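J.: My structure is below; once you've seen it, I'll send some questions.
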Amino acid sequence: MRKITIAIDGFSSCGKSTMAKDLAREIGYIYVDTGAMYRSVTLYALRHQLFNEDGSVKTSELEKEMPNIKISFQLNKETGRPDTYLNGECVEQEIRSLEVSSHVSPIAAVPFVREALVAQQQNLGKDKGVVMDGRDIGTTVFPDAELKIFVTASSEVRAQRRFDELKAKGMPADYDEIKKNVEERDYIDTHREVSPLKKADDAIELDNSKLTIAEQKEWLISHFNHIVNN
């Protein structure tokens, strides 16, 4: 069976990462969480005081630090999923915090950050057989991907999912604060100058507001099979 590239884009907290991880495991592909890469740069910036008081990024200082930021993925044998490592330290839990979530969009809007991470992502997917999720995979990273999916859901549904996810991990969560963060990220992601979030012309839209995980999985597998068998 021929290998293809699968690009999954969409709004924050749509469950893209879970969807992409499960699909990759089901079909035996490599999964790359590009959001985790931007979150890792954000965590580094927070740790090194690279944000101004108004939440904007100290870009000249961050640019000097970029060569010192090494992001990698290692398979977690217990979960069967890849964990994110920042300079050799597992940061999988820390990068999912609301603090990182509320600072990641300004980081992702910085051109030299996107340029560095897009180059890494393209290298990771050069041999195909990869599922990658993010904001600009089908438009910028892999415009020639054979299967492109654009995921959306209402902001209320996404905020509730994020709230439930944080609660399940025993982390502090406030629904109203999360919903505000989701809507702010939507605005920043769709209005940034470099690689804004938008649906690729040849992407298939998936509104998963009312879908179960099983229904979503069935939908994804059917589209995958249609591509590889035709």
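Chain labels follow the order of the structure tokens: the first chain is A, the next B, and so on; residue numbering restarts at 1 in every chain, and ligands are counted from 1 in their shown order.
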What lies within 9 Å of Tyr175 of chain A using only C-alpha atoms, ignoring chain neighbours under 3 positions off, as a PyMOL selection string?
T.: chain A and resi 159-160+162-163+178-180
J.: So that each row is one residue of segment 108-163 of chain A with an atom at most 7 Å from segment 186-203 of chain A, can you give its shortest atom pair and the distance in Å to one decimal, using only C-alpha atoms, rows by chain and rising number, as a Markdown table?
T.:
```
| residue | atom | partner | partner_atom | distance |
| --- | --- | --- | --- | --- |
| A:Ala109 | CA | A:Arg192 | CA | 5.9 |
| A:Pro111 | CA | A:Val194 | CA | 6.2 |
| A:Arg135 | CA | A:Leu197 | CA | 5.2 |
| A:Asp136 | CA | A:Leu197 | CA | 6.0 |
| A:Gly138 | CA | A:Ala200 | CA | 6.1 |
| A:Thr139 | CA | A:Ala200 | CA | 5.6 |
| A:Thr140 | CA | A:Ser195 | CA | 6.7 |
| A:Lys148 | CA | A:Ala203 | CA | 4.6 |
| A:Ile149 | CA | A:Ala203 | CA | 5.1 |
| A:Phe150 | CA | A:Lys199 | CA | 6.0 |
```
J.: From a backbone DSSP assignment, name each residue in segment 130-178 of chain A labelled strand (DSSP E or B), as number ranges by chain.
T.: A: 130-134, 147-152
J.: When you look at Leu206 of chain A with a cut-off of 12 Å (counting only C-alpha atoms), what residues show up, excluding the ones that are within fewer than 5 positions of it in the same chain? I need them as a list in words.
T.: Ile8, Asp9, Gly10, Phe11, Cys14, Gly15, Lys16, Met19, Lys148, Ile149, Phe150, Val151, Thr152, Ala153, Ser154, Lys199, Leu211, Glu215, Gln216, Lys217, Trp219, Leu220 and His223 of chain A
J.: Keeping only N, CA and C atoms, write the selected residues as a PDB file, in the first residue's frame.
T.:
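Output contents, as saved in out21.pdb:
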```pdb
ATOM      1  N   ILE A   8      -3.650  17.489   9.053  1.00  0.00           N
ATOM      2  CA  ILE A   8      -4.862  17.813   9.803  1.00  0.00           C
ATOM      3  C   ILE A   8      -4.715  19.202  10.415  1.00  0.00           C
ATOM      4  N   ASP A   9      -5.508  20.143   9.933  1.00  0.00           N
ATOM      5  CA  ASP A   9      -5.477  21.517  10.436  1.00  0.00           C
ATOM      6  C   ASP A   9      -6.805  21.851  11.097  1.00  0.00           C
ATOM      7  N   GLY A  10      -6.813  22.946  11.848  1.00  0.00           N
ATOM      8  CA  GLY A  10      -8.062  23.385  12.445  1.00  0.00           C
ATOM      9  C   GLY A  10      -7.844  24.261  13.655  1.00  0.00           C
ATOM     10  N   PHE A  11      -8.948  24.636  14.258  1.00  0.00           N
ATOM     11  CA  PHE A  11      -8.921  25.545  15.400  1.00  0.00           C
ATOM     12  C   PHE A  11      -8.405  24.840  16.654  1.00  0.00           C
ATOM     13  N   CYS A  14      -9.888  21.410  19.158  1.00  0.00           N
ATOM     14  CA  CYS A  14     -10.840  20.613  18.363  1.00  0.00           C
ATOM     15  C   CYS A  14     -10.577  19.120  18.522  1.00  0.00           C
ATOM     16  N   GLY A  15      -9.539  18.794  19.280  1.00  0.00           N
ATOM     17  CA  GLY A  15      -9.178  17.383  19.421  1.00  0.00           C
ATOM     18  C   GLY A  15      -8.334  16.870  18.270  1.00  0.00           C
ATOM     19  N   LYS A  16      -7.680  17.796  17.548  1.00  0.00           N
ATOM     20  CA  LYS A  16      -6.864  17.409  16.386  1.00  0.00           C
ATOM     21  C   LYS A  16      -5.752  16.434  16.763  1.00  0.00           C
ATOM     22  N   MET A  19      -7.029  12.973  17.635  1.00  0.00           N
ATOM     23  CA  MET A  19      -7.486  12.382  16.384  1.00  0.00           C
ATOM     24  C   MET A  19      -6.312  11.908  15.527  1.00  0.00           C
ATOM     25  N   LYS A 148      -5.994  16.077   3.136  1.00  0.00           N
ATOM     26  CA  LYS A 148      -6.020  17.263   3.999  1.00  0.00           C
ATOM     27  C   LYS A 148      -7.376  17.347   4.685  1.00  0.00           C
ATOM     28  N   ILE A 149      -7.350  17.509   5.998  1.00  0.00           N
ATOM     29  CA  ILE A 149      -8.582  17.612   6.766  1.00  0.00           C
ATOM     30  C   ILE A 149      -8.553  18.908   7.570  1.00  0.00           C
ATOM     31  N   PHE A 150      -9.657  19.625   7.545  1.00  0.00           N
ATOM     32  CA  PHE A 150      -9.765  20.866   8.323  1.00  0.00           C
ATOM     33  C   PHE A 150     -10.853  20.665   9.371  1.00  0.00           C
ATOM     34  N   VAL A 151     -10.448  20.717  10.644  1.00  0.00           N
ATOM     35  CA  VAL A 151     -11.353  20.392  11.748  1.00  0.00           C
ATOM     36  C   VAL A 151     -11.887  21.655  12.413  1.00  0.00           C
ATOM     37  N   THR A 152     -13.181  21.652  12.676  1.00  0.00           N
ATOM     38  CA  THR A 152     -13.796  22.781  13.364  1.00  0.00           C
ATOM     39  C   THR A 152     -14.835  22.276  14.358  1.00  0.00           C
ATOM     40  N   ALA A 153     -15.184  23.135  15.305  1.00  0.00           N
ATOM     41  CA  ALA A 153     -16.232  22.862  16.291  1.00  0.00           C
ATOM     42  C   ALA A 153     -16.563  24.200  16.939  1.00  0.00           C
ATOM     43  N   SER A 154     -17.717  24.299  17.569  1.00  0.00           N
ATOM     44  CA  SER A 154     -18.103  25.565  18.198  1.00  0.00           C
ATOM     45  C   SER A 154     -17.150  25.887  19.345  1.00  0.00           C
ATOM     46  N   LYS A 199      -8.599  27.187   5.797  1.00  0.00           N
ATOM     47  CA  LYS A 199      -8.857  25.888   5.172  1.00  0.00           C
ATOM     48  C   LYS A 199      -8.238  25.874   3.772  1.00  0.00           C
ATOM     49  N   LEU A 211     -19.909  14.789  17.044  1.00  0.00           N
ATOM     50  CA  LEU A 211     -19.468  13.427  16.726  1.00  0.00           C
ATOM     51  C   LEU A 211     -18.850  12.744  17.940  1.00  0.00           C
ATOM     52  N   GLU A 215     -17.305   7.666  15.857  1.00  0.00           N
ATOM     53  CA  GLU A 215     -17.831   8.173  14.575  1.00  0.00           C
ATOM     54  C   GLU A 215     -16.758   8.947  13.815  1.00  0.00           C
ATOM     55  N   GLN A 216     -15.992   9.732  14.551  1.00  0.00           N
ATOM     56  CA  GLN A 216     -14.914  10.505  13.943  1.00  0.00           C
ATOM     57  C   GLN A 216     -13.852   9.587  13.351  1.00  0.00           C
ATOM     58  N   LYS A 217     -13.510   8.548  14.106  1.00  0.00           N
ATOM     59  CA  LYS A 217     -12.490   7.584  13.660  1.00  0.00           C
ATOM     60  C   LYS A 217     -12.945   6.881  12.372  1.00  0.00           C
ATOM     61  N   TRP A 219     -15.030   8.004  10.166  1.00  0.00           N
ATOM     62  CA  TRP A 219     -14.993   9.005   9.098  1.00  0.00           C
ATOM     63  C   TRP A 219     -13.570   9.145   8.543  1.00  0.00           C
ATOM     64  N   LEU A 220     -12.577   9.246   9.446  1.00  0.00           N
ATOM     65  CA  LEU A 220     -11.183   9.419   9.036  1.00  0.00           C
ATOM     66  C   LEU A 220     -10.664   8.214   8.253  1.00  0.00           C
ATOM     67  N   HIS A 223     -11.995   8.013   4.685  1.00  0.00           N
ATOM     68  CA  HIS A 223     -11.336   8.956   3.766  1.00  0.00           C
ATOM     69  C   HIS A 223      -9.906   8.513   3.455  1.00  0.00           C
TER      70      HIS A 223
END
```
J.: Which of these, A:Met171, A:Ile71, A:Ser105, A:Ala214, has the shortest distance to Glu183 of chain A once you count only C-alpha atoms?
T.: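 Under the stated criterion, the closest residue is A:Ser105.
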J.: Interatomic distance between atom CA of Glu26 of chain A and atom CA of Asp133 of chain A?
T.: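 The value is 15.8 Å.
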J.: Check the smallest atom-to-atom distance from each of A:Ala145, A:Arg81, A:Leu43, A:Leu86 to Asp127 of chain A using only C-alpha atoms, then report the winner.
T.: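 Looking at the shortest contact to Asp127 of chain A, the residue is A:Ala145.
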J.: Compare A:Leu98, A:Phe51, A:Leu117, A:Phe112 by their minimum atom-to-atom distance to Lys70 of chain A, counting only C-alpha atoms, and give me the closest one.
T.: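 Looking at the shortest contact to Lys70 of chain A, the residue is A:Leu117.
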J.: Excluding Asp33 of chain A and residues on its chain fewer than 5 positions from it, collect all residues at most 9 Å away from it, counting only C-alpha atoms, and give them as a PDB file with all heavy atoms, in the first residue's frame.
T.:
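That gives us result06.pdb:
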```
ATOM      1  N   SER A  17      -5.068  16.734  17.878  1.00  0.00           N
ATOM      2  CA  SER A  17      -3.918  15.913  18.269  1.00  0.00           C
ATOM      3  C   SER A  17      -4.342  14.495  18.616  1.00  0.00           C
ATOM      4  O   SER A  17      -3.732  13.522  18.160  1.00  0.00           O
ATOM      5  CB  SER A  17      -3.179  16.543  19.453  1.00  0.00           C
ATOM      6  OG  SER A  17      -2.661  17.795  19.089  1.00  0.00           O
ATOM      7  N   ALA A  20      -5.307  12.779  15.403  1.00  0.00           N
ATOM      8  CA  ALA A  20      -4.140  12.460  14.574  1.00  0.00           C
ATOM      9  C   ALA A  20      -3.321  11.310  15.171  1.00  0.00           C
ATOM     10  O   ALA A  20      -2.861  10.423  14.447  1.00  0.00           O
ATOM     11  CB  ALA A  20      -3.271  13.701  14.411  1.00  0.00           C
ATOM     12  N   LYS A  21      -3.152  11.326  16.509  1.00  0.00           N
ATOM     13  CA  LYS A  21      -2.413  10.245  17.181  1.00  0.00           C
ATOM     14  C   LYS A  21      -3.094   8.900  16.963  1.00  0.00           C
ATOM     15  O   LYS A  21      -2.447   7.901  16.627  1.00  0.00           O
ATOM     16  CB  LYS A  21      -2.335  10.512  18.689  1.00  0.00           C
ATOM     17  CG  LYS A  21      -1.353  11.581  19.106  1.00  0.00           C
ATOM     18  CD  LYS A  21      -1.500  11.863  20.596  1.00  0.00           C
ATOM     19  CE  LYS A  21      -0.737  13.116  20.995  1.00  0.00           C
ATOM     20  NZ  LYS A  21      -1.027  13.541  22.359  1.00  0.00           N
ATOM     21  N   PHE A  73      10.751  14.163  19.971  1.00  0.00           N
ATOM     22  CA  PHE A  73       9.646  13.320  20.427  1.00  0.00           C
ATOM     23  C   PHE A  73      10.170  11.924  20.733  1.00  0.00           C
ATOM     24  O   PHE A  73      10.975  11.380  19.986  1.00  0.00           O
ATOM     25  CB  PHE A  73       8.560  13.229  19.347  1.00  0.00           C
ATOM     26  CG  PHE A  73       7.921  14.552  19.022  1.00  0.00           C
ATOM     27  CD1 PHE A  73       8.377  15.322  17.956  1.00  0.00           C
ATOM     28  CD2 PHE A  73       6.863  15.042  19.771  1.00  0.00           C
ATOM     29  CE1 PHE A  73       7.800  16.543  17.641  1.00  0.00           C
ATOM     30  CE2 PHE A  73       6.282  16.269  19.487  1.00  0.00           C
ATOM     31  CZ  PHE A  73       6.741  17.012  18.425  1.00  0.00           C
ATOM     32  N   PRO A  82       3.706   9.469  21.548  1.00  0.00           N
ATOM     33  CA  PRO A  82       4.952  10.224  21.710  1.00  0.00           C
ATOM     34  C   PRO A  82       4.832  11.339  22.740  1.00  0.00           C
ATOM     35  O   PRO A  82       3.821  12.030  22.796  1.00  0.00           O
ATOM     36  CB  PRO A  82       5.208  10.790  20.307  1.00  0.00           C
ATOM     37  CG  PRO A  82       3.875  10.833  19.655  1.00  0.00           C
ATOM     38  CD  PRO A  82       3.043   9.754  20.263  1.00  0.00           C
ATOM     39  N   THR A  84       6.686  14.901  24.291  1.00  0.00           N
ATOM     40  CA  THR A  84       7.491  16.017  23.784  1.00  0.00           C
ATOM     41  C   THR A  84       8.640  16.312  24.737  1.00  0.00           C
ATOM     42  O   THR A  84       8.442  16.391  25.952  1.00  0.00           O
ATOM     43  CB  THR A  84       6.612  17.280  23.640  1.00  0.00           C
ATOM     44  OG1 THR A  84       5.413  16.932  22.956  1.00  0.00           O
ATOM     45  CG2 THR A  84       7.350  18.369  22.885  1.00  0.00           C
ATOM     46  N   VAL A 131       1.369  11.466   9.784  1.00  0.00           N
ATOM     47  CA  VAL A 131       0.163  12.242  10.108  1.00  0.00           C
ATOM     48  C   VAL A 131       0.641  13.441  10.913  1.00  0.00           C
ATOM     49  O   VAL A 131       1.287  13.286  11.946  1.00  0.00           O
ATOM     50  CB  VAL A 131      -0.842  11.429  10.957  1.00  0.00           C
ATOM     51  CG1 VAL A 131      -2.086  12.272  11.243  1.00  0.00           C
ATOM     52  CG2 VAL A 131      -1.236  10.135  10.256  1.00  0.00           C
ATOM     53  N   MET A 132       0.338  14.635  10.441  1.00  0.00           N
ATOM     54  CA  MET A 132       0.798  15.842  11.113  1.00  0.00           C
ATOM     55  C   MET A 132      -0.390  16.767  11.335  1.00  0.00           C
ATOM     56  O   MET A 132      -1.210  16.950  10.446  1.00  0.00           O
ATOM     57  CB  MET A 132       1.859  16.532  10.246  1.00  0.00           C
ATOM     58  CG  MET A 132       2.803  17.429  11.019  1.00  0.00           C
ATOM     59  SD  MET A 132       4.177  18.073  10.007  1.00  0.00           S
ATOM     60  CE  MET A 132       5.299  16.684   9.915  1.00  0.00           C
ATOM     61  N   ASP A 133      -0.499  17.314  12.553  1.00  0.00           N
ATOM     62  CA  ASP A 133      -1.603  18.240  12.801  1.00  0.00           C
ATOM     63  C   ASP A 133      -1.063  19.591  13.249  1.00  0.00           C
ATOM     64  O   ASP A 133       0.014  19.680  13.825  1.00  0.00           O
ATOM     65  CB  ASP A 133      -2.565  17.666  13.845  1.00  0.00           C
ATOM     66  CG  ASP A 133      -2.027  17.726  15.259  1.00  0.00           C
ATOM     67  OD1 ASP A 133      -1.166  16.898  15.607  1.00  0.00           O
ATOM     68  OD2 ASP A 133      -2.452  18.598  16.021  1.00  0.00           O
ATOM     69  N   GLY A 134      -1.846  20.638  12.954  1.00  0.00           N
ATOM     70  CA  GLY A 134      -1.428  21.985  13.317  1.00  0.00           C
ATOM     71  C   GLY A 134      -2.379  23.019  12.767  1.00  0.00           C
ATOM     72  O   GLY A 134      -3.591  22.816  12.709  1.00  0.00           O
TER      73      GLY A 134
END
```
J.: Which residue gives the smallest distance to Glu92 of chain A among A:Arg47, A:Arg39, A:His226, A:Arg114, with only C-alpha atoms counted?
T.: A:Arg39
J.: Would you compute the distance between atom CA of Gly129 of chain A and atom CA of Ser222 of chain A? Give it in Å to one decimal.
T.: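 Computed distance, atom CA of Gly129 of chain A to atom CA of Ser222 of chain A, equals 16.9 Å.
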J.: Out of segment 52-201 of chain A, which residues get helix (DSSP H, G or I) from DSSP, as a short mmCIF file (atom, residue, chain, number, x, y, z; two decimals) with C-alpha atoms, in the first residue's frame?
T.:
```
data_model
loop_
_atom_site.label_atom_id
_atom_site.label_comp_id
_atom_site.auth_asym_id
_atom_site.auth_seq_id
_atom_site.Cartn_x
_atom_site.Cartn_y
_atom_site.Cartn_z
CA THR A 59 11.46 38.94 19.48
CA SER A 60 15.09 40.04 19.22
CA GLU A 61 15.97 38.13 22.42
CA LEU A 62 14.01 35.06 21.34
CA GLU A 63 15.70 35.04 17.93
CA LYS A 64 19.11 34.82 19.65
CA GLU A 65 17.83 31.91 21.76
CA MET A 66 16.32 29.86 18.90
CA PRO A 67 19.54 27.86 18.24
CA ASN A 68 19.38 26.72 21.90
CA GLU A 94 3.83 21.36 31.31
CA ILE A 95 3.18 22.47 27.72
CA ARG A 96 -0.55 21.68 28.13
CA LEU A 98 -3.37 27.22 30.52
CA GLU A 99 -0.38 29.55 30.97
CA VAL A 100 1.32 28.06 27.92
CA SER A 101 -2.01 27.99 26.02
CA SER A 102 -2.53 31.69 26.64
CA HIS A 103 0.95 32.61 25.33
CA VAL A 104 1.37 30.21 22.39
CA SER A 105 -0.44 32.20 19.65
CA PRO A 106 1.87 35.26 19.87
CA ILE A 107 4.88 32.88 19.67
CA ALA A 108 3.36 31.05 16.67
CA PRO A 111 7.99 34.66 11.43
CA PHE A 112 11.43 33.25 12.38
CA VAL A 113 9.81 30.78 14.82
CA ARG A 114 7.47 29.50 12.10
CA GLU A 115 10.32 29.33 9.58
CA ALA A 116 12.50 27.24 11.93
CA LEU A 117 9.71 24.86 12.95
CA VAL A 118 8.26 24.46 9.43
CA ALA A 119 11.72 23.40 8.20
CA GLN A 120 11.87 20.79 11.00
CA GLN A 121 8.36 19.57 10.20
CA GLN A 122 9.08 19.22 6.47
CA ASN A 123 12.18 17.22 7.30
CA LEU A 124 10.21 14.91 9.63
CA ILE A 137 0.10 21.86 7.57
CA GLY A 138 -2.09 21.65 4.46
CA THR A 139 -1.39 25.22 3.36
CA THR A 140 2.30 25.79 4.17
CA VAL A 141 4.13 22.72 5.51
CA SER A 155 -16.09 27.58 20.73
CA GLU A 156 -18.43 26.38 23.51
CA VAL A 157 -17.80 22.72 22.70
CA ARG A 158 -14.06 23.29 22.44
CA ALA A 159 -13.90 25.17 25.75
CA GLN A 160 -15.83 22.38 27.48
CA ARG A 161 -13.46 19.75 26.06
CA ARG A 162 -10.42 21.69 27.23
CA PHE A 163 -12.02 22.20 30.66
CA ASP A 164 -12.75 18.46 30.98
CA GLU A 165 -9.22 17.57 29.81
CA LEU A 166 -7.55 19.82 32.41
CA LYS A 167 -9.86 18.59 35.18
CA ALA A 168 -9.10 14.96 34.28
CA TYR A 175 -14.57 27.39 31.88
CA ASP A 176 -15.08 31.12 31.17
CA GLU A 177 -11.33 31.78 31.15
CA ILE A 178 -10.78 28.82 28.81
CA LYS A 179 -13.55 29.94 26.42
CA LYS A 180 -12.04 33.44 26.32
CA ASN A 181 -8.62 31.92 25.60
CA VAL A 182 -10.06 29.71 22.81
CA GLU A 183 -11.70 32.72 21.11
CA GLU A 184 -8.59 34.91 21.48
CA ARG A 185 -6.45 32.16 19.93
CA ASP A 186 -8.93 31.80 17.05
CA TYR A 187 -8.60 35.52 16.30
CA ILE A 188 -4.78 35.58 16.49
CA ASP A 189 -4.40 32.35 14.49
CA THR A 190 -6.67 33.52 11.65
CA HIS A 191 -5.31 37.09 11.51
#
```
